[in-house]
Amino acid sequence: MTGAMADDRPAERKRRGPLIVTEDAQLLDDLLRLCAAAGARAEVHHGVPERRDSWEGAPLVLVGDDAAARVRGAVRRRGVCLVGRDQDDPMVWQRAVEIGADHVLRLPDAEQWIVDRIADAVEGVGRPALTVGVIGGRGGAGASTLACALAVSAARAGRRTMLIDGDPLGGGLDVLLGGESAQGLRWPAFAQSRGRLGSAALEESLPELSSLRVLSWDRGDMLTIPPEAMRAVLAAARRRGGVVVVDLPRRVDEGVAEALEQLDLGLLVVPAELRALAAAERVASAVRMVLRDLRTVVRGPFTAGLGAEETAGMLDLPLAGELPVDAGVLSGRIPAADVREPLARFCEAFWERVPAEGGAS
């Protein structure tokens with residue numbers, strides 16, 4: 001069997017699948033099954049392919065134990081794995097050295113590892129997305145509005161952007177963006193997710209609103225996000241690169257803790273008033289048990305004698321910025337849609353200050 005299979009996905013996402021080198025029919029069946037689980041189509045050969053690019057250009061090479069001798073003289077490259085089933089073969093490491101393999105894998109134990117590596121290769125995993133979480137210091141602090149505004153601003157700047165609604169009691173970020181009727185999947189479709197999700201498939205399945213992808217809620221009765229589902233969804237979102245913004249509730253349950261672990265930084269939105277400070281201190285205490293980089297955004301109007309610096313100091317958090325009341329939000333417009341609004345200017349300044357660890361799209 002030989003030859004690469006065609007891929008009919010959009011040009012941006014066309015990626016070569018792995019190269020499999022084996023004559024072992026049972027091993028080949030297993031590896032093709034793992035490729036299918038990762039959403040990949042493999043090129044299969046019995047030995048070193050005649051076309052040099054097939055060997056050197058494949059993102060991952062899976063060499064069966066039976067074929068090690070036949071690829072011994074091939075050009076050395078990264079991403080070669082020697083795969084077999086014999087757990088007690090004393091010569092396997094010698095064969096791995098002879099072919100320059102990076103890994104020695106034994107089935108069935110290594111199946112999940114292989115699926116993950118194949119999926120990484122197909123998706124062309126690069127720098128993960130810069131992932132920012134937004135949390136209200138008290139109810140009505142404006143965290144959801146800020147999360148939407150940050151996402152809209154990032155998308156407007158040309159970054160690949162995904163907005164994830166992690167608060168099942170928040171009413172739905174799709175509503176805030178005027179897209180509650182938009183076609184696409186919502187959280188309940190991912191509630192049973194375990195293991196790995198395809199990042200391209202996740203992105204393409206979500207509604208596109210204001211030039212960004214949004215994972216929000218339907219109008220059903222789902223009230224929590226299982227931690228396994230949160231882990232799978234956020235990991236897939238981060239693998240796409242660009243920016244991921246997550247709107248989170250003030251309570252820290254298992255699903256929220258999972259989200260906090262995947263954030264690069266968090267923003268705690270706090271109105272400049274004493275009662276809000278008292279509530280925010282409790283939220284910050286819980287969040288900081290999981291998230292190392294938590295900063296505060298202080299929102300006006302300001303209580304006399306309580307400015308942004310004083311508020312941040314009382315919370316013992318770095319000040320990420322001062323957010324005035326935005327009349328555009330109160331009038332029901334999409335947050336930060338107008339670049340002249342104070343909220344839009346705040347978001348643009350925030351993205352300029354924060355290093356783009358995830359890179360632009």
# chains A, B, ... in the order shown; residues from 1 in each chain; ligands from 1
>>> select_by_dssp(residues="segment 144-263 of chain A", states="strand (DSSP E or B)", output="list in words")
Thr161, Met162, Leu163, Ile164, Asp165, Glu208, Leu209, Leu212, Arg213, Val214, Leu215, Val243, Val244, Val245, Val246, Asp247 and Leu248 of chain A
>>> residues_around(residues="Cys347 of chain A", least_positions_apart="2", cutoff="8 Å", atoms="only C-alpha atoms", output="short mmCIF file (atom, residue, chain, number, x, y, z; two decimals) with all heavy atoms, in the first residue's frame")
data_model
loop_
_atom_site.label_atom_id
_atom_site.label_comp_id
_atom_site.auth_asym_id
_atom_site.auth_seq_id
_atom_site.Cartn_x
_atom_site.Cartn_y
_atom_site.Cartn_z
N ALA A 149 -15.43 42.77 25.36
CA ALA A 149 -14.70 43.90 24.78
C ALA A 149 -13.27 43.53 24.43
O ALA A 149 -12.74 43.90 23.37
CB ALA A 149 -14.73 45.09 25.74
N LEU A 150 -12.59 42.79 25.32
CA LEU A 150 -11.23 42.35 25.03
C LEU A 150 -11.18 41.46 23.80
O LEU A 150 -10.28 41.59 22.96
CB LEU A 150 -10.66 41.61 26.24
CG LEU A 150 -10.28 42.47 27.45
CD1 LEU A 150 -9.98 41.58 28.66
CD2 LEU A 150 -9.08 43.35 27.13
N SER A 153 -11.84 43.56 20.64
CA SER A 153 -10.67 44.37 20.35
C SER A 153 -9.55 43.54 19.75
O SER A 153 -8.88 43.96 18.79
CB SER A 153 -10.19 45.06 21.64
OG SER A 153 -9.04 45.83 21.40
N ALA A 336 -17.10 47.61 23.05
CA ALA A 336 -15.87 48.00 22.34
C ALA A 336 -16.03 47.97 20.83
O ALA A 336 -15.04 48.01 20.10
CB ALA A 336 -14.70 47.12 22.76
N LEU A 343 -14.07 52.11 26.68
CA LEU A 343 -13.83 50.68 26.85
C LEU A 343 -12.95 50.14 25.73
O LEU A 343 -12.04 49.33 25.97
CB LEU A 343 -15.16 49.93 26.90
CG LEU A 343 -15.08 48.41 27.12
CD1 LEU A 343 -14.33 48.08 28.40
CD2 LEU A 343 -16.49 47.82 27.16
N ALA A 344 -13.19 50.56 24.51
CA ALA A 344 -12.38 50.11 23.38
C ALA A 344 -10.94 50.59 23.53
O ALA A 344 -9.99 49.85 23.26
CB ALA A 344 -12.98 50.61 22.07
N ARG A 345 -10.78 51.84 23.95
CA ARG A 345 -9.43 52.37 24.13
C ARG A 345 -8.69 51.63 25.24
O ARG A 345 -7.49 51.36 25.14
CB ARG A 345 -9.49 53.87 24.44
CG ARG A 345 -10.02 54.70 23.27
CD ARG A 345 -9.67 56.17 23.45
NE ARG A 345 -10.26 56.73 24.67
CZ ARG A 345 -11.46 57.31 24.72
NH1 ARG A 345 -12.21 57.38 23.61
NH2 ARG A 345 -11.91 57.81 25.84
N ALA A 349 -5.21 49.45 24.62
CA ALA A 349 -4.02 49.71 25.43
C ALA A 349 -3.58 48.45 26.18
O ALA A 349 -2.38 48.18 26.33
CB ALA A 349 -4.30 50.84 26.42
N PHE A 350 -4.55 47.66 26.63
CA PHE A 350 -4.22 46.42 27.34
C PHE A 350 -3.45 45.47 26.43
O PHE A 350 -2.40 44.93 26.83
CB PHE A 350 -5.50 45.75 27.84
CG PHE A 350 -5.28 44.38 28.42
CD1 PHE A 350 -4.84 44.23 29.73
CD2 PHE A 350 -5.50 43.23 27.65
CE1 PHE A 350 -4.62 42.97 30.26
CE2 PHE A 350 -5.28 41.97 28.18
CZ PHE A 350 -4.84 41.84 29.48
N TRP A 351 -3.94 45.26 25.21
CA TRP A 351 -3.26 44.33 24.30
C TRP A 351 -1.88 44.85 23.90
O TRP A 351 -0.97 44.06 23.62
CB TRP A 351 -4.11 44.07 23.07
CG TRP A 351 -5.37 43.30 23.33
CD1 TRP A 351 -6.65 43.68 23.03
CD2 TRP A 351 -5.49 42.01 23.95
NE1 TRP A 351 -7.54 42.71 23.43
CE2 TRP A 351 -6.86 41.68 23.98
CE3 TRP A 351 -4.57 41.11 24.47
CZ2 TRP A 351 -7.33 40.49 24.53
CZ3 TRP A 351 -5.03 39.92 25.03
CH2 TRP A 351 -6.40 39.62 25.05
#
>>> closest_residue(among="A:Val134, A:Val80, A:Ala320, A:Ile20", to="Pro249 of chain A", atoms="only C-alpha atoms")
A:Val134
>>> residues_around(residues="Ala25 of chain A", least_positions_apart="5", cutoff="12 Å", atoms="only C-alpha atoms", output="PyMOL selection string")
chain A and resi 1+20+30-32+44-46+64+66
>>> closest_residue(among="A:Pro342, A:Ala96, A:Arg240, A:Gly305", to="Leu197 of chain A", atoms="only C-alpha atoms")
A:Arg240
>>> select_by_dssp(residues="segment 44-255 of chain A", states="helix (DSSP H, G or I)", output="PyMOL selection string")
chain A and resi 52-56+65-67+69-71+92-99+111-123+143-156+173-176+187-190+199-205+227-239+254-255
>>> residues_around(residues="Val287 of chain A", least_positions_apart="4", cutoff="8 Å", atoms="only C-alpha atoms", output="PyMOL selection string")
chain A and resi 252+260+283+291+294
>>> write_last_selection(atoms="all heavy atoms", output="mmCIF file, in the first residue's frame")
data_model
loop_
_atom_site.group_PDB
_atom_site.id
_atom_site.type_symbol
_atom_site.label_atom_id
_atom_site.label_comp_id
_atom_site.auth_asym_id
_atom_site.auth_seq_id
_atom_site.Cartn_x
_atom_site.Cartn_y
_atom_site.Cartn_z
ATOM 1 N N VAL A 252 -15.285 29.231 42.655
ATOM 2 C CA VAL A 252 -14.241 28.383 42.080
ATOM 3 C C VAL A 252 -14.606 26.928 42.341
ATOM 4 O O VAL A 252 -14.293 26.367 43.399
ATOM 5 C CB VAL A 252 -12.855 28.713 42.672
ATOM 6 C CG1 VAL A 252 -11.791 27.808 42.055
ATOM 7 C CG2 VAL A 252 -12.507 30.181 42.422
ATOM 8 N N LEU A 260 -8.706 28.073 35.403
ATOM 9 C CA LEU A 260 -7.682 28.934 35.989
ATOM 10 C C LEU A 260 -6.282 28.367 35.761
ATOM 11 O O LEU A 260 -5.321 29.120 35.555
ATOM 12 C CB LEU A 260 -7.933 29.111 37.492
ATOM 13 C CG LEU A 260 -9.179 29.916 37.877
ATOM 14 C CD1 LEU A 260 -9.406 29.836 39.384
ATOM 15 C CD2 LEU A 260 -9.053 31.363 37.436
ATOM 16 N N VAL A 283 -12.916 36.752 46.614
ATOM 17 C CA VAL A 283 -12.750 36.146 45.290
ATOM 18 C C VAL A 283 -11.270 35.991 44.967
ATOM 19 O O VAL A 283 -10.816 34.934 44.513
ATOM 20 C CB VAL A 283 -13.450 36.997 44.212
ATOM 21 C CG1 VAL A 283 -13.187 36.407 42.825
ATOM 22 C CG2 VAL A 283 -14.946 37.073 44.482
ATOM 23 N N LEU A 291 -4.284 30.414 40.371
ATOM 24 C CA LEU A 291 -3.708 31.269 39.326
ATOM 25 C C LEU A 291 -2.634 32.174 39.907
ATOM 26 O O LEU A 291 -2.893 32.955 40.829
ATOM 27 C CB LEU A 291 -4.816 32.110 38.680
ATOM 28 C CG LEU A 291 -4.381 33.115 37.610
ATOM 29 C CD1 LEU A 291 -3.753 32.407 36.417
ATOM 30 C CD2 LEU A 291 -5.575 33.955 37.175
ATOM 31 N N LEU A 294 -2.589 37.158 38.746
ATOM 32 C CA LEU A 294 -3.902 37.791 38.846
ATOM 33 C C LEU A 294 -3.685 39.291 39.003
ATOM 34 O O LEU A 294 -2.930 39.727 39.881
ATOM 35 C CB LEU A 294 -4.690 37.233 40.038
ATOM 36 C CG LEU A 294 -6.082 37.837 40.271
ATOM 37 C CD1 LEU A 294 -7.013 37.521 39.101
ATOM 38 C CD2 LEU A 294 -6.678 37.319 41.589
#
>>> residues_around(residues="segment 224-235 of chain A", least_positions_apart="2", cutoff="9 Å", atoms="only C-alpha atoms", output="PyMOL selection string")
chain A and resi 128+164+166-168+187-188+190-197+199+202+222+237-239+244+253-259+262
>>> write_last_selection(atoms="N, CA, C and O atoms", output="short mmCIF file (atom, residue, chain, number, x, y, z; two decimals), in the first residue's frame")
data_model
loop_
_atom_site.label_atom_id
_atom_site.label_comp_id
_atom_site.auth_asym_id
_atom_site.auth_seq_id
_atom_site.Cartn_x
_atom_site.Cartn_y
_atom_site.Cartn_z
N PRO A 128 1.12 28.42 21.78
CA PRO A 128 -0.26 28.41 22.28
C PRO A 128 -0.82 29.81 22.38
O PRO A 128 -0.09 30.80 22.45
N ILE A 164 -14.66 32.38 25.36
CA ILE A 164 -15.28 31.23 26.01
C ILE A 164 -16.04 31.70 27.25
O ILE A 164 -15.49 32.35 28.13
N GLY A 166 -17.42 30.89 30.53
CA GLY A 166 -17.28 29.88 31.57
C GLY A 166 -18.26 30.07 32.72
O GLY A 166 -18.12 29.41 33.76
N ASP A 167 -19.24 30.95 32.55
CA ASP A 167 -20.20 31.23 33.62
C ASP A 167 -21.61 30.82 33.18
O ASP A 167 -22.29 31.55 32.47
N PRO A 168 -22.07 29.65 33.61
CA PRO A 168 -23.39 29.17 33.17
C PRO A 168 -24.55 30.02 33.67
O PRO A 168 -25.65 29.92 33.14
N TRP A 187 -22.15 25.12 24.83
CA TRP A 187 -21.49 24.28 25.84
C TRP A 187 -22.08 22.88 25.99
O TRP A 187 -21.33 21.91 26.14
N PRO A 188 -23.41 22.71 26.01
CA PRO A 188 -23.92 21.36 26.22
C PRO A 188 -23.40 20.33 25.21
O PRO A 188 -23.31 19.14 25.55
N PHE A 190 -20.44 19.98 24.34
CA PHE A 190 -19.09 19.57 24.74
C PHE A 190 -19.04 19.04 26.16
O PHE A 190 -17.95 18.74 26.67
N ALA A 191 -20.19 18.90 26.81
CA ALA A 191 -20.22 18.53 28.22
C ALA A 191 -19.61 17.16 28.49
O ALA A 191 -19.07 16.92 29.58
N GLN A 192 -19.69 16.26 27.53
CA GLN A 192 -19.15 14.92 27.72
C GLN A 192 -17.75 14.76 27.14
O GLN A 192 -17.23 13.64 27.07
N SER A 193 -17.13 15.85 26.75
CA SER A 193 -15.80 15.78 26.14
C SER A 193 -14.78 15.26 27.14
O SER A 193 -14.73 15.68 28.29
N ARG A 194 -13.94 14.36 26.67
CA ARG A 194 -12.84 13.82 27.47
C ARG A 194 -11.63 13.71 26.56
O ARG A 194 -11.75 13.58 25.35
N GLY A 195 -10.46 13.74 27.13
CA GLY A 195 -9.26 13.58 26.31
C GLY A 195 -9.02 14.77 25.42
O GLY A 195 -9.05 15.92 25.86
N ARG A 196 -8.85 14.53 24.15
CA ARG A 196 -8.42 15.57 23.24
C ARG A 196 -9.51 15.93 22.23
O ARG A 196 -10.13 15.06 21.63
N LEU A 197 -9.73 17.23 22.03
CA LEU A 197 -10.60 17.73 20.98
C LEU A 197 -9.74 18.29 19.85
O LEU A 197 -8.69 18.89 20.11
N SER A 199 -8.61 21.03 17.54
CA SER A 199 -8.75 22.48 17.69
C SER A 199 -9.42 23.11 16.47
O SER A 199 -10.24 24.03 16.62
N LEU A 202 -13.12 22.32 16.71
CA LEU A 202 -13.77 23.16 17.72
C LEU A 202 -14.05 24.54 17.16
O LEU A 202 -15.17 25.05 17.24
N MET A 222 -28.23 23.22 31.88
CA MET A 222 -26.88 22.85 32.29
C MET A 222 -26.28 23.96 33.14
O MET A 222 -26.23 25.12 32.74
N ALA A 237 -8.66 25.07 22.33
CA ALA A 237 -8.68 26.49 21.97
C ALA A 237 -7.28 27.08 21.99
O ALA A 237 -6.89 27.85 21.10
N ARG A 238 -6.48 26.72 22.98
CA ARG A 238 -5.12 27.26 23.09
C ARG A 238 -4.23 26.80 21.95
O ARG A 238 -3.34 27.54 21.50
N ARG A 239 -4.46 25.58 21.47
CA ARG A 239 -3.60 25.07 20.39
C ARG A 239 -3.78 25.83 19.09
O ARG A 239 -2.91 25.76 18.22
N VAL A 244 -7.23 33.73 23.47
CA VAL A 244 -8.43 33.12 24.06
C VAL A 244 -8.80 33.95 25.28
O VAL A 244 -7.96 34.20 26.15
N ASP A 253 -15.32 26.31 41.38
CA ASP A 253 -15.60 24.89 41.46
C ASP A 253 -14.53 24.14 40.67
O ASP A 253 -13.54 24.74 40.21
N GLU A 254 -14.70 22.85 40.46
CA GLU A 254 -13.66 22.06 39.79
C GLU A 254 -13.46 22.51 38.34
O GLU A 254 -12.33 22.56 37.84
N GLY A 255 -14.55 22.84 37.66
CA GLY A 255 -14.43 23.28 36.28
C GLY A 255 -13.72 24.61 36.17
O GLY A 255 -12.87 24.82 35.31
N VAL A 256 -14.05 25.54 37.07
CA VAL A 256 -13.39 26.85 37.06
C VAL A 256 -11.93 26.71 37.43
O VAL A 256 -11.05 27.37 36.84
N ALA A 257 -11.61 25.86 38.40
CA ALA A 257 -10.21 25.63 38.78
C ALA A 257 -9.41 25.11 37.59
O ALA A 257 -8.25 25.50 37.39
N GLU A 258 -10.02 24.24 36.79
CA GLU A 258 -9.35 23.74 35.59
C GLU A 258 -9.07 24.87 34.62
O GLU A 258 -7.98 24.94 34.02
N ALA A 259 -10.04 25.77 34.46
CA ALA A 259 -9.82 26.92 33.58
C ALA A 259 -8.71 27.81 34.10
O ALA A 259 -7.85 28.27 33.34
N GLN A 262 -5.20 26.91 33.23
CA GLN A 262 -4.75 27.08 31.85
C GLN A 262 -4.60 28.55 31.45
O GLN A 262 -4.20 28.84 30.33
#
>>> closest_residue(among="A:Gly220, A:Gly73, A:Gly178, A:Gly241", to="Ala200 of chain A", atoms="only C-alpha atoms")
A:Gly241
>>> closest_residue(among="A:Gln112, A:Thr303, A:Ser211, A:Ser285", to="Leu317 of chain A", atoms="only C-alpha atoms")
A:Ser285
>>> residues_around(residues="Trp55 of chain A", least_positions_apart="2", cutoff="12 Å", atoms="only C-alpha atoms", output="ChimeraX atom specification")
/A:4,16-21,43-45,47-53,57-63,71,73-80
>>> residues_around(residues="Val246 of chain A", least_positions_apart="3", cutoff="6 Å", atoms="only C-alpha atoms", output="PyMOL selection string")
chain A and resi 133+163-165
>>> decode(residues="segment 190-223 of chain A", atoms="N, CA and C atoms", output="compact mmCIF listing (two decimals), in the first residue's frame")
# COMPACT_ATOMS: atom_id res chain seq x y z
N PHE A 190 -20.44 19.98 24.34
CA PHE A 190 -19.09 19.57 24.74
C PHE A 190 -19.04 19.04 26.16
N ALA A 191 -20.19 18.90 26.81
CA ALA A 191 -20.22 18.53 28.22
C ALA A 191 -19.61 17.16 28.49
N GLN A 192 -19.69 16.26 27.53
CA GLN A 192 -19.15 14.92 27.72
C GLN A 192 -17.75 14.76 27.14
N SER A 193 -17.13 15.85 26.75
CA SER A 193 -15.80 15.78 26.14
C SER A 193 -14.78 15.26 27.14
N ARG A 194 -13.94 14.36 26.67
CA ARG A 194 -12.84 13.82 27.47
C ARG A 194 -11.63 13.71 26.56
N GLY A 195 -10.46 13.74 27.13
CA GLY A 195 -9.26 13.58 26.31
C GLY A 195 -9.02 14.77 25.42
N ARG A 196 -8.85 14.53 24.15
CA ARG A 196 -8.42 15.57 23.24
C ARG A 196 -9.51 15.93 22.23
N LEU A 197 -9.73 17.23 22.03
CA LEU A 197 -10.60 17.73 20.98
C LEU A 197 -9.74 18.29 19.85
N GLY A 198 -10.19 18.13 18.62
CA GLY A 198 -9.49 18.76 17.51
C GLY A 198 -9.70 20.27 17.57
N SER A 199 -8.61 21.03 17.54
CA SER A 199 -8.75 22.48 17.69
C SER A 199 -9.42 23.11 16.47
N ALA A 200 -9.09 22.63 15.28
CA ALA A 200 -9.74 23.18 14.09
C ALA A 200 -11.23 22.86 14.08
N ALA A 201 -11.56 21.62 14.48
CA ALA A 201 -12.98 21.23 14.52
C ALA A 201 -13.74 22.05 15.54
N LEU A 202 -13.12 22.32 16.71
CA LEU A 202 -13.77 23.16 17.72
C LEU A 202 -14.05 24.54 17.16
N GLU A 203 -13.04 25.16 16.58
CA GLU A 203 -13.20 26.51 16.05
C GLU A 203 -14.30 26.59 15.00
N GLU A 204 -14.29 25.64 14.09
CA GLU A 204 -15.25 25.68 12.99
C GLU A 204 -16.67 25.39 13.44
N SER A 205 -16.84 24.74 14.60
CA SER A 205 -18.18 24.38 15.06
C SER A 205 -18.87 25.51 15.82
N LEU A 206 -18.13 26.56 16.19
CA LEU A 206 -18.69 27.61 17.04
C LEU A 206 -19.27 28.76 16.22
N PRO A 207 -20.24 29.48 16.78
CA PRO A 207 -20.75 30.66 16.09
C PRO A 207 -19.65 31.70 15.90
N GLU A 208 -19.69 32.39 14.78
CA GLU A 208 -18.75 33.48 14.52
C GLU A 208 -19.50 34.80 14.68
N LEU A 209 -19.08 35.58 15.66
CA LEU A 209 -19.72 36.86 15.98
C LEU A 209 -18.64 37.92 16.10
N SER A 210 -18.83 39.05 15.43
CA SER A 210 -17.87 40.15 15.50
C SER A 210 -16.46 39.69 15.15
N SER A 211 -16.35 38.80 14.15
CA SER A 211 -15.07 38.31 13.63
C SER A 211 -14.31 37.44 14.62
N LEU A 212 -15.01 36.88 15.61
CA LEU A 212 -14.36 35.95 16.53
C LEU A 212 -15.30 34.78 16.78
N ARG A 213 -14.73 33.70 17.30
CA ARG A 213 -15.52 32.50 17.62
C ARG A 213 -15.93 32.54 19.08
N VAL A 214 -17.18 32.15 19.35
CA VAL A 214 -17.74 32.27 20.69
C VAL A 214 -18.33 30.93 21.14
N LEU A 215 -17.87 30.47 22.30
CA LEU A 215 -18.48 29.30 22.94
C LEU A 215 -19.30 29.79 24.11
N SER A 216 -20.62 29.72 23.98
CA SER A 216 -21.51 30.24 25.01
C SER A 216 -22.49 29.15 25.41
N TRP A 217 -23.65 29.55 25.91
CA TRP A 217 -24.63 28.63 26.47
C TRP A 217 -25.91 28.66 25.65
N ASP A 218 -26.61 27.52 25.65
CA ASP A 218 -27.95 27.53 25.10
C ASP A 218 -28.90 27.93 26.22
N ARG A 219 -30.19 27.81 26.00
CA ARG A 219 -31.14 28.21 27.03
C ARG A 219 -31.59 27.02 27.86
N GLY A 220 -30.76 25.97 27.90
CA GLY A 220 -31.11 24.77 28.67
C GLY A 220 -30.78 24.90 30.13
N ASP A 221 -30.76 23.74 30.85
CA ASP A 221 -30.60 23.75 32.30
C ASP A 221 -29.24 23.28 32.77
N MET A 222 -28.23 23.22 31.88
CA MET A 222 -26.88 22.85 32.29
C MET A 222 -26.28 23.96 33.14
N LEU A 223 -25.83 23.62 34.36
CA LEU A 223 -25.39 24.64 35.32
C LEU A 223 -23.92 24.55 35.70
